[in-house]
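Asker: Structure supplied as start36.cif; contents: mmCIF, C-alpha atoms.
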data_query
loop_
_atom_site.label_atom_id
_atom_site.label_comp_id
_atom_site.auth_asym_id
_atom_site.auth_seq_id
_atom_site.Cartn_x
_atom_site.Cartn_y
_atom_site.Cartn_z
CA MET H 1 5.45 17.35 -18.14
CA ASN H 2 5.95 14.78 -20.84
CA ALA H 3 3.53 12.10 -21.93
CA GLU H 4 4.37 8.52 -22.70
CA PRO H 5 2.34 5.70 -24.21
CA THR H 6 1.35 3.11 -21.61
CA GLY H 7 0.55 0.27 -23.95
CA HIS H 8 -3.13 0.35 -22.98
CA GLY H 9 -4.89 1.03 -26.24
CA GLY H 10 -2.95 4.21 -26.93
CA VAL H 11 -3.88 5.81 -23.60
CA GLU H 12 -1.24 8.28 -22.49
CA THR H 13 -0.28 9.30 -18.98
CA ALA H 14 1.82 12.19 -17.75
CA ARG H 15 5.36 11.31 -16.73
CA PRO H 16 6.76 13.74 -14.18
CA ALA H 17 10.49 14.30 -13.95
CA ILE H 18 12.29 12.03 -11.50
CA ASP H 19 14.16 13.96 -8.80
CA VAL H 20 16.66 11.60 -7.17
CA THR H 21 18.13 14.33 -4.95
CA VAL H 22 15.10 14.29 -2.63
CA ALA H 23 14.11 11.17 -0.70
CA HIS H 24 10.83 9.60 -1.75
CA PRO H 25 8.61 7.28 0.39
CA ALA H 26 8.54 4.38 -2.11
CA ARG H 27 12.32 4.37 -2.48
CA VAL H 28 12.98 4.75 1.26
CA TYR H 29 10.62 1.82 1.85
CA ASP H 30 12.50 -0.15 -0.82
CA TYR H 31 15.76 0.46 1.06
CA TRP H 32 14.25 -0.81 4.31
CA LEU H 33 13.11 -3.95 2.49
CA GLY H 34 16.65 -4.55 1.25
CA GLY H 35 15.93 -3.47 -2.33
CA LYS H 36 18.31 -1.75 -4.75
CA ASP H 37 15.96 0.75 -6.43
CA ASN H 38 16.93 3.74 -4.29
CA TYR H 39 19.40 6.63 -4.33
CA PRO H 40 21.78 8.31 -1.84
CA ALA H 41 19.10 10.73 -0.61
CA ASP H 42 16.76 7.80 0.08
CA LYS H 43 19.48 5.83 1.86
CA GLU H 44 20.40 8.84 4.02
CA ALA H 45 16.79 9.38 5.09
CA ALA H 46 16.26 5.65 5.72
CA GLU H 47 19.40 5.31 7.83
CA LYS H 48 18.56 8.36 9.95
CA VAL H 49 15.19 6.80 10.79
CA ILE H 50 16.82 3.45 11.56
CA ALA H 51 19.21 5.21 13.96
CA LEU H 52 16.26 6.52 15.96
CA ASN H 53 14.00 3.51 15.49
CA PRO H 54 15.89 0.27 14.66
CA GLY H 55 12.56 -1.58 14.65
CA ILE H 56 11.46 0.15 11.44
CA VAL H 57 13.04 -2.58 9.29
CA GLU H 58 11.10 -5.31 11.09
CA GLY H 59 8.03 -3.10 10.80
CA VAL H 60 8.08 -2.80 7.02
CA ARG H 61 8.78 -6.52 6.69
CA SER H 62 5.86 -7.20 9.00
CA ASN H 63 3.67 -5.17 6.65
CA ARG H 64 4.85 -7.30 3.73
CA ALA H 65 4.00 -10.48 5.64
CA PHE H 66 0.59 -9.01 6.51
CA LEU H 67 0.01 -8.36 2.81
CA LYS H 68 0.67 -12.00 1.91
CA ARG H 69 -1.69 -13.31 4.61
CA VAL H 70 -4.40 -10.87 3.59
CA VAL H 71 -4.21 -11.74 -0.12
CA ARG H 72 -4.39 -15.46 0.65
CA PHE H 73 -7.46 -14.80 2.81
CA LEU H 74 -9.12 -12.69 0.12
CA VAL H 75 -8.71 -15.13 -2.77
CA GLY H 76 -9.11 -18.23 -0.62
CA GLU H 77 -11.61 -17.81 2.19
CA ALA H 78 -13.37 -14.70 0.86
CA GLY H 79 -13.53 -15.79 -2.79
CA ILE H 80 -12.29 -12.47 -4.21
CA ARG H 81 -11.11 -12.52 -7.83
CA GLN H 82 -10.31 -8.81 -8.33
CA ILE H 83 -7.86 -6.64 -6.37
CA LEU H 84 -7.10 -2.91 -6.53
CA ASP H 85 -3.78 -2.17 -4.79
CA VAL H 86 -3.41 1.57 -4.18
CA GLY H 87 0.04 2.84 -3.21
CA THR H 88 1.76 -0.34 -4.32
CA GLY H 89 5.34 0.94 -4.07
CA LEU H 90 8.27 -0.56 -5.91
CA PRO H 91 7.94 -4.18 -7.06
CA SER H 92 9.46 -6.61 -4.59
CA ALA H 93 9.18 -10.29 -3.73
CA ASP H 94 5.67 -11.74 -3.38
CA ASN H 95 3.78 -8.98 -5.18
CA VAL H 96 -0.01 -9.07 -4.88
CA HIS H 97 -0.68 -10.71 -8.24
CA GLU H 98 1.98 -13.35 -7.62
CA VAL H 99 0.46 -14.37 -4.29
CA ALA H 100 -3.11 -14.13 -5.59
CA GLN H 101 -2.56 -16.03 -8.84
CA ALA H 102 -0.57 -18.74 -7.08
CA ALA H 103 -3.63 -19.37 -4.93
CA GLN H 104 -6.24 -18.69 -7.62
CA PRO H 105 -5.14 -18.44 -11.27
CA GLY H 106 -6.88 -15.73 -13.25
CA THR H 107 -7.26 -13.28 -10.34
CA LYS H 108 -7.18 -9.72 -11.71
CA VAL H 109 -4.93 -7.14 -10.05
CA VAL H 110 -4.57 -3.41 -10.75
CA TYR H 111 -1.67 -1.56 -9.12
CA VAL H 112 -1.73 2.19 -8.47
CA ASP H 113 1.11 4.53 -7.50
CA ASN H 114 2.14 8.12 -8.21
CA ASP H 115 5.94 7.69 -8.13
CA PRO H 116 7.45 7.92 -11.65
CA ILE H 117 10.17 5.42 -10.69
CA VAL H 118 7.50 2.96 -9.56
CA ASN H 119 5.81 3.61 -12.91
CA VAL H 120 8.90 2.51 -14.84
CA HIS H 121 9.52 -0.59 -12.75
CA ALA H 122 5.87 -1.59 -12.57
CA HIS H 123 5.42 -1.74 -16.33
CA ALA H 124 8.56 -3.86 -16.61
CA LEU H 125 8.06 -6.22 -13.68
CA LEU H 126 4.40 -6.39 -12.66
CA THR H 127 3.36 -8.89 -15.27
CA GLY H 128 1.13 -11.91 -14.72
CA GLU H 129 -1.32 -13.94 -16.69
CA PRO H 130 -2.25 -12.05 -19.91
CA GLY H 131 -5.10 -9.60 -19.38
CA THR H 132 -5.10 -9.93 -15.60
CA VAL H 133 -2.55 -7.34 -14.42
CA ASP H 134 -2.53 -3.58 -15.06
CA TYR H 135 -0.78 -0.52 -13.63
CA VAL H 136 -2.28 2.95 -13.17
CA HIS H 137 0.01 5.93 -12.65
CA ALA H 138 -2.19 8.16 -10.49
CA ASP H 139 -2.41 9.98 -7.18
CA MET H 140 -4.69 8.79 -4.40
CA ARG H 141 -5.90 12.35 -4.01
CA ASP H 142 -7.77 11.86 -7.29
CA PRO H 143 -9.86 8.77 -6.51
CA ALA H 144 -12.21 9.33 -9.47
CA ASN H 145 -9.28 9.03 -11.86
CA ILE H 146 -8.05 5.86 -10.15
CA MET H 147 -11.44 4.17 -10.36
CA ARG H 148 -11.93 5.22 -13.98
CA GLU H 149 -8.53 3.90 -15.08
CA ALA H 150 -8.78 0.69 -13.04
CA ALA H 151 -12.08 -0.09 -14.80
CA ARG H 152 -10.06 -0.99 -17.90
CA THR H 153 -9.26 -4.25 -16.12
CA LEU H 154 -11.69 -4.60 -13.21
CA ASP H 155 -15.44 -5.26 -13.42
CA TYR H 156 -17.21 -3.20 -10.75
CA SER H 157 -20.35 -5.32 -11.01
CA GLU H 158 -18.34 -8.02 -9.17
CA PRO H 159 -16.65 -7.72 -5.74
CA VAL H 160 -13.23 -6.08 -5.57
CA ALA H 161 -10.71 -5.97 -2.73
CA LEU H 162 -9.38 -2.44 -2.23
CA ILE H 163 -5.94 -2.68 -0.60
CA ILE H 164 -4.29 0.46 0.81
CA LEU H 165 -1.18 -0.47 2.78
CA MET H 166 1.09 2.08 4.45
CA THR H 167 -0.14 4.88 2.22
CA LEU H 168 -2.90 6.80 3.99
CA GLN H 169 -0.39 8.30 6.42
CA PHE H 170 0.76 10.51 3.53
CA ILE H 171 -2.71 12.06 3.19
CA THR H 172 -3.17 15.00 5.55
CA ASP H 173 -6.28 15.56 7.64
CA GLU H 174 -7.01 18.61 5.48
CA GLU H 175 -7.03 16.37 2.40
CA ASP H 176 -9.56 14.11 4.18
CA PRO H 177 -8.26 10.55 3.74
CA TYR H 178 -11.61 9.18 4.96
CA ALA H 179 -13.48 10.84 2.10
CA ILE H 180 -10.93 9.45 -0.38
CA VAL H 181 -11.47 5.89 0.86
CA ARG H 182 -15.26 6.30 0.92
CA SER H 183 -15.19 7.63 -2.64
CA MET H 184 -13.40 4.55 -3.95
CA LEU H 185 -15.55 2.15 -1.94
CA ALA H 186 -18.70 3.80 -3.28
CA GLU H 187 -17.81 2.52 -6.76
CA LEU H 188 -17.57 -1.07 -5.53
CA PRO H 189 -20.48 -3.50 -5.02
CA ALA H 190 -21.56 -5.35 -1.89
CA GLY H 191 -19.21 -8.20 -1.09
CA SER H 192 -16.14 -6.05 -1.75
CA TYR H 193 -13.40 -5.68 0.87
CA LEU H 194 -11.23 -2.89 2.26
CA VAL H 195 -7.74 -3.62 3.59
CA VAL H 196 -5.77 -0.90 5.39
CA SER H 197 -2.47 -0.81 7.24
CA HIS H 198 -1.26 2.40 8.86
CA PRO H 199 1.48 3.53 11.28
CA ALA H 200 0.03 4.10 14.73
CA VAL H 201 0.91 6.58 17.44
CA ASP H 202 3.63 4.95 19.52
CA GLU H 203 3.21 5.28 23.28
CA SER H 204 6.94 4.78 23.82
CA GLY H 205 7.65 7.83 21.67
CA ILE H 206 10.48 6.12 19.76
CA ALA H 207 8.59 5.71 16.49
CA ASN H 208 7.09 9.18 16.84
CA ARG H 209 10.56 10.75 17.02
CA ALA H 210 11.66 8.66 14.06
CA THR H 211 8.65 9.93 12.10
CA ALA H 212 9.70 13.52 12.85
CA GLN H 213 13.17 12.72 11.47
CA TYR H 214 11.60 11.07 8.42
CA ASN H 215 9.46 14.15 7.73
CA GLU H 216 12.57 16.35 7.73
CA LYS H 217 14.21 14.28 5.00
CA VAL H 218 11.44 12.92 2.75
CA ALA H 219 9.52 14.91 0.16
CA THR H 220 6.13 13.65 1.32
CA SER H 221 5.60 13.88 5.07
CA MET H 222 3.62 11.29 7.02
CA LYS H 223 1.33 11.28 10.03
CA ARG H 224 0.83 8.53 12.57
CA ARG H 225 -2.77 8.08 13.71
CA THR H 226 -4.41 6.63 16.81
CA HIS H 227 -6.19 3.28 16.93
CA GLU H 228 -9.52 5.10 16.84
CA GLU H 229 -8.50 7.17 13.82
CA ILE H 230 -7.31 4.10 11.92
CA ALA H 231 -10.42 2.09 12.84
CA ALA H 232 -12.53 4.96 11.44
CA PHE H 233 -11.50 3.96 7.90
CA PHE H 234 -13.68 0.88 8.36
CA GLU H 235 -16.83 2.66 9.58
CA GLY H 236 -19.97 1.18 8.01
CA LEU H 237 -18.19 -2.04 7.03
CA GLU H 238 -18.13 -5.52 8.59
CA LEU H 239 -14.73 -6.06 10.20
CA VAL H 240 -13.14 -9.46 9.70
CA GLU H 241 -11.79 -11.04 12.88
CA PRO H 242 -9.61 -10.16 14.74
CA GLY H 243 -10.46 -6.55 13.81
CA VAL H 244 -8.00 -3.65 13.78
CA VAL H 245 -4.87 -4.98 15.44
CA THR H 246 -1.09 -4.83 15.17
CA LEU H 247 0.02 -6.35 11.88
CA HIS H 248 1.76 -9.15 13.74
CA ASP H 249 -1.54 -10.16 15.35
CA TRP H 250 -3.69 -10.30 12.21
CA ARG H 251 -4.15 -14.03 11.62
CA PRO H 252 -0.48 -15.00 12.12
CA ASP H 253 0.69 -18.13 10.35
CA ASP H 254 3.76 -20.35 10.41
CA ASP H 255 5.66 -18.44 7.72
CA PRO H 256 9.30 -18.73 8.88
CA ASP H 257 10.22 -15.47 7.13
CA ALA H 258 7.59 -13.35 8.89
CA PRO H 259 8.94 -11.02 11.60
CA ARG H 260 7.99 -12.12 15.10
CA THR H 261 8.31 -8.73 16.77
CA LYS H 262 5.44 -6.29 16.99
CA SER H 263 5.69 -2.88 15.33
CA PRO H 264 3.64 0.27 16.01
CA ALA H 265 1.43 -0.22 12.96
CA LEU H 266 -2.14 -1.41 12.76
CA GLY H 267 -4.10 -3.20 10.06
CA GLY H 268 -7.52 -4.58 9.37
CA VAL H 269 -9.82 -6.12 6.77
CA ALA H 270 -13.53 -5.37 6.37
CA ARG H 271 -16.36 -6.37 4.05
CA LYS H 272 -18.86 -4.06 2.39
CA ALA H 273 -22.36 -5.42 3.08
#
Let me see whether you can do it: turn the structure in this file into structure tokens.

Answerer:
Amino acid sequence: MNAEPTGHGGVETARPAIDVTVAHPARVYDYWLGGKDNYPADKEAAEKVIALNPGIVEGVRSNRAFLKRVVRFLVGEAGIRQILDVGTGLPSADNVHEVAQAAQPGTKVVYVDNDPIVNVHAHALLTGEPGTVDYVHADMRDPANIMREAARTLDYSEPVALIILMTLQFITDEEDPYAIVRSMLAELPAGSYLVVSHPAVDESGIANRATAQYNEKVATSMKRRTHEEIAAFFEGLELVEPGVVTLHDWRPDDDPDAPRTKSPALGGVARKA
């Protein structure tokens, strides 16, 4: 593994080799969003899932719309001025810092992802007001490293919103995703928030079959969880209304670009007391 300077006071991070012959979740997701930062293997995997579950495209766009509504809530109604976005994926339209700083200039945002391609694009594109935006190349399975690196920008004596969208499905039960989330939240003070979105078990079976196809093609497999399993990420926190619901139903607004169809994914927002 090679090391490259990150531009953060001489700190160096490992840069793994980029294998474009195997589909990767961030690049498959980028394809579904209509992006161009993907490769033939990603396109093949994405199209096979679409063939089984045509609603997947509306689903990922619904997650993006959910993200925008959540960020506006956090910096507006909740008064949050610091955001930690874990599993950010490839930069797209309406990134967290863009939405947050449009509503409240000066809001600090730290992005985290473990994909080397995301790493390259993030450093080039995720720029905001000087000193307010940073990127950490790290794996969610090492929460201590994430929190240590994010502290370069974030002040843990003040509330932070921890956003984990469509990422926890890649953490197996054996890796204990609940312990990972609790570990990160433990570093944050009262008044902080947790935001999670997660694919849910689909009673129709369509999305479940598409997930099986996805897992055959993509390097990192995913797991859908039940409503109860997803709600468990918020145990011990104060859920914001309307609770853990389909992304479409979490405080819908009049955004004309937001998908109007429901997808088998759930999301919620909760406050640490």

Asker: Can you give me, as an NGL selection string, the residues this file yields under the PyMOL selection byres ((chain H and resi 263) around 10)?

Answerer: :H and (55-63 or 199-200 or 202 or 207 or 246-248 or 259-262 or 264-266)

Asker: Would you translate the PyMOL selection byres ((chain H and resi 129) around 12) into the concrete set of residues it matches in this file, as a PyMOL selection string?

Answerer: chain H and resi 97-98+100-102+104-109+126-128+130-134

Asker: Enumerate, as a PyMOL selection string, the protein, DNA and RNA residues whose atoms approach (-16.7, -6.0, -1.7) to within 9 Å, taking into account only C-alpha atoms and the coordinate frame of the file.

Answerer: chain H and resi 80+158-162+185+188-194+270-273

Asker: Figure out the distance between atom CA of Thr172 of chain H and atom CA of Ala23 of chain H, please, to one decimal in Å.

Answerer: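 Separation between atom CA of Ala23 of chain H and atom CA of Thr172 of chain H: 18.8 Å.
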
Asker: Given the file shown, enumerate the residues that the PyMOL selection byres ((chain H and resi 147) around 12) captures and present them as a PyMOL selection string.

Answerer: chain H and resi 84-86+110-112+136-146+148-156+160+162+180-181+183-188

Asker: May I have the residues from that selection written out with C-alpha atoms, as a PDB file, in the frame of the given file?

Answerer:
ATOM      1  CA  LEU H  84      -7.100  -2.910  -6.530  1.00  0.00           C
ATOM      2  CA  ASP H  85      -3.780  -2.170  -4.790  1.00  0.00           C
ATOM      3  CA  VAL H  86      -3.410   1.570  -4.180  1.00  0.00           C
ATOM      4  CA  VAL H 110      -4.570  -3.410 -10.750  1.00  0.00           C
ATOM      5  CA  TYR H 111      -1.670  -1.560  -9.120  1.00  0.00           C
ATOM      6  CA  VAL H 112      -1.730   2.190  -8.470  1.00  0.00           C
ATOM      7  CA  VAL H 136      -2.280   2.950 -13.170  1.00  0.00           C
ATOM      8  CA  HIS H 137       0.010   5.930 -12.650  1.00  0.00           C
ATOM      9  CA  ALA H 138      -2.190   8.160 -10.490  1.00  0.00           C
ATOM     10  CA  ASP H 139      -2.410   9.980  -7.180  1.00  0.00           C
ATOM     11  CA  MET H 140      -4.690   8.790  -4.400  1.00  0.00           C
ATOM     12  CA  ARG H 141      -5.900  12.350  -4.010  1.00  0.00           C
ATOM     13  CA  ASP H 142      -7.770  11.860  -7.290  1.00  0.00           C
ATOM     14  CA  PRO H 143      -9.860   8.770  -6.510  1.00  0.00           C
ATOM     15  CA  ALA H 144     -12.210   9.330  -9.470  1.00  0.00           C
ATOM     16  CA  ASN H 145      -9.280   9.030 -11.860  1.00  0.00           C
ATOM     17  CA  ILE H 146      -8.050   5.860 -10.150  1.00  0.00           C
ATOM     18  CA  ARG H 148     -11.930   5.220 -13.980  1.00  0.00           C
ATOM     19  CA  GLU H 149      -8.530   3.900 -15.080  1.00  0.00           C
ATOM     20  CA  ALA H 150      -8.780   0.690 -13.040  1.00  0.00           C
ATOM     21  CA  ALA H 151     -12.080  -0.090 -14.800  1.00  0.00           C
ATOM     22  CA  ARG H 152     -10.060  -0.990 -17.900  1.00  0.00           C
ATOM     23  CA  THR H 153      -9.260  -4.250 -16.120  1.00  0.00           C
ATOM     24  CA  LEU H 154     -11.690  -4.600 -13.210  1.00  0.00           C
ATOM     25  CA  ASP H 155     -15.440  -5.260 -13.420  1.00  0.00           C
ATOM     26  CA  TYR H 156     -17.210  -3.200 -10.750  1.00  0.00           C
ATOM     27  CA  VAL H 160     -13.230  -6.080  -5.570  1.00  0.00           C
ATOM     28  CA  LEU H 162      -9.380  -2.440  -2.230  1.00  0.00           C
ATOM     29  CA  ILE H 180     -10.930   9.450  -0.380  1.00  0.00           C
ATOM     30  CA  VAL H 181     -11.470   5.890   0.860  1.00  0.00           C
ATOM     31  CA  SER H 183     -15.190   7.630  -2.640  1.00  0.00           C
ATOM     32  CA  MET H 184     -13.400   4.550  -3.950  1.00  0.00           C
ATOM     33  CA  LEU H 185     -15.550   2.150  -1.940  1.00  0.00           C
ATOM     34  CA  ALA H 186     -18.700   3.800  -3.280  1.00  0.00           C
ATOM     35  CA  GLU H 187     -17.810   2.520  -6.760  1.00  0.00           C
ATOM     36  CA  LEU H 188     -17.570  -1.070  -5.530  1.00  0.00           C
TER      37      LEU H 188
END

Asker: Provide the atom CA of Tyr135 of chain H to atom CA of Ala45 of chain H distance in Å, to one decimal place.

Answerer: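 Atom CA of Ala45 of chain H lies at a distance of 27.5 Å from atom CA of Tyr135 of chain H.
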
Asker: Write out as AutoDock Vina command-line options an axis-aligned box for segment 81-97 of chain H: all of its atoms listed in the file, 5 Å added on each side, centre and edge lengths in Å with one decimal.

Answerer:
--center_x -0.8 --center_y -4.8 --center_z -5.8 --size_x 30.6 --size_y 25.4 --size_z 15.1

Asker: With all atoms listed in the file as the basis for distance, which of H:Arg225, H:Arg81, H:Arg182, H:Lys68 is at the shortest distance from Arg251 of chain H?

Answerer: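 Residue with the minimum atom-to-atom distance to Arg251 of chain H: H:Lys68.
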
Asker: One decimal, Å: what's the distance from atom CA of Val20 of chain H over to atom CA of Arg224 of chain H, could you say?

Answerer: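 Here the two named atoms are 25.5 Å from each other.
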
Asker: Of the candidates H:Gly76, H:Pro177, H:Pro242, H:Pro54, which shows the shortest atom-to-atom distance to Ile164 of chain H, using only C-alpha atoms?

Answerer: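 Smallest distance to Ile164 of chain H is found for H:Pro177.
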
Asker: Using all atoms listed in the file, which of the listed residues (H:Leu52, H:Ala103, H:Leu90, H:Leu168) sits closest to Lys223 of chain H?

Answerer: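 So, comparing all the options, the nearest one is H:Leu168.
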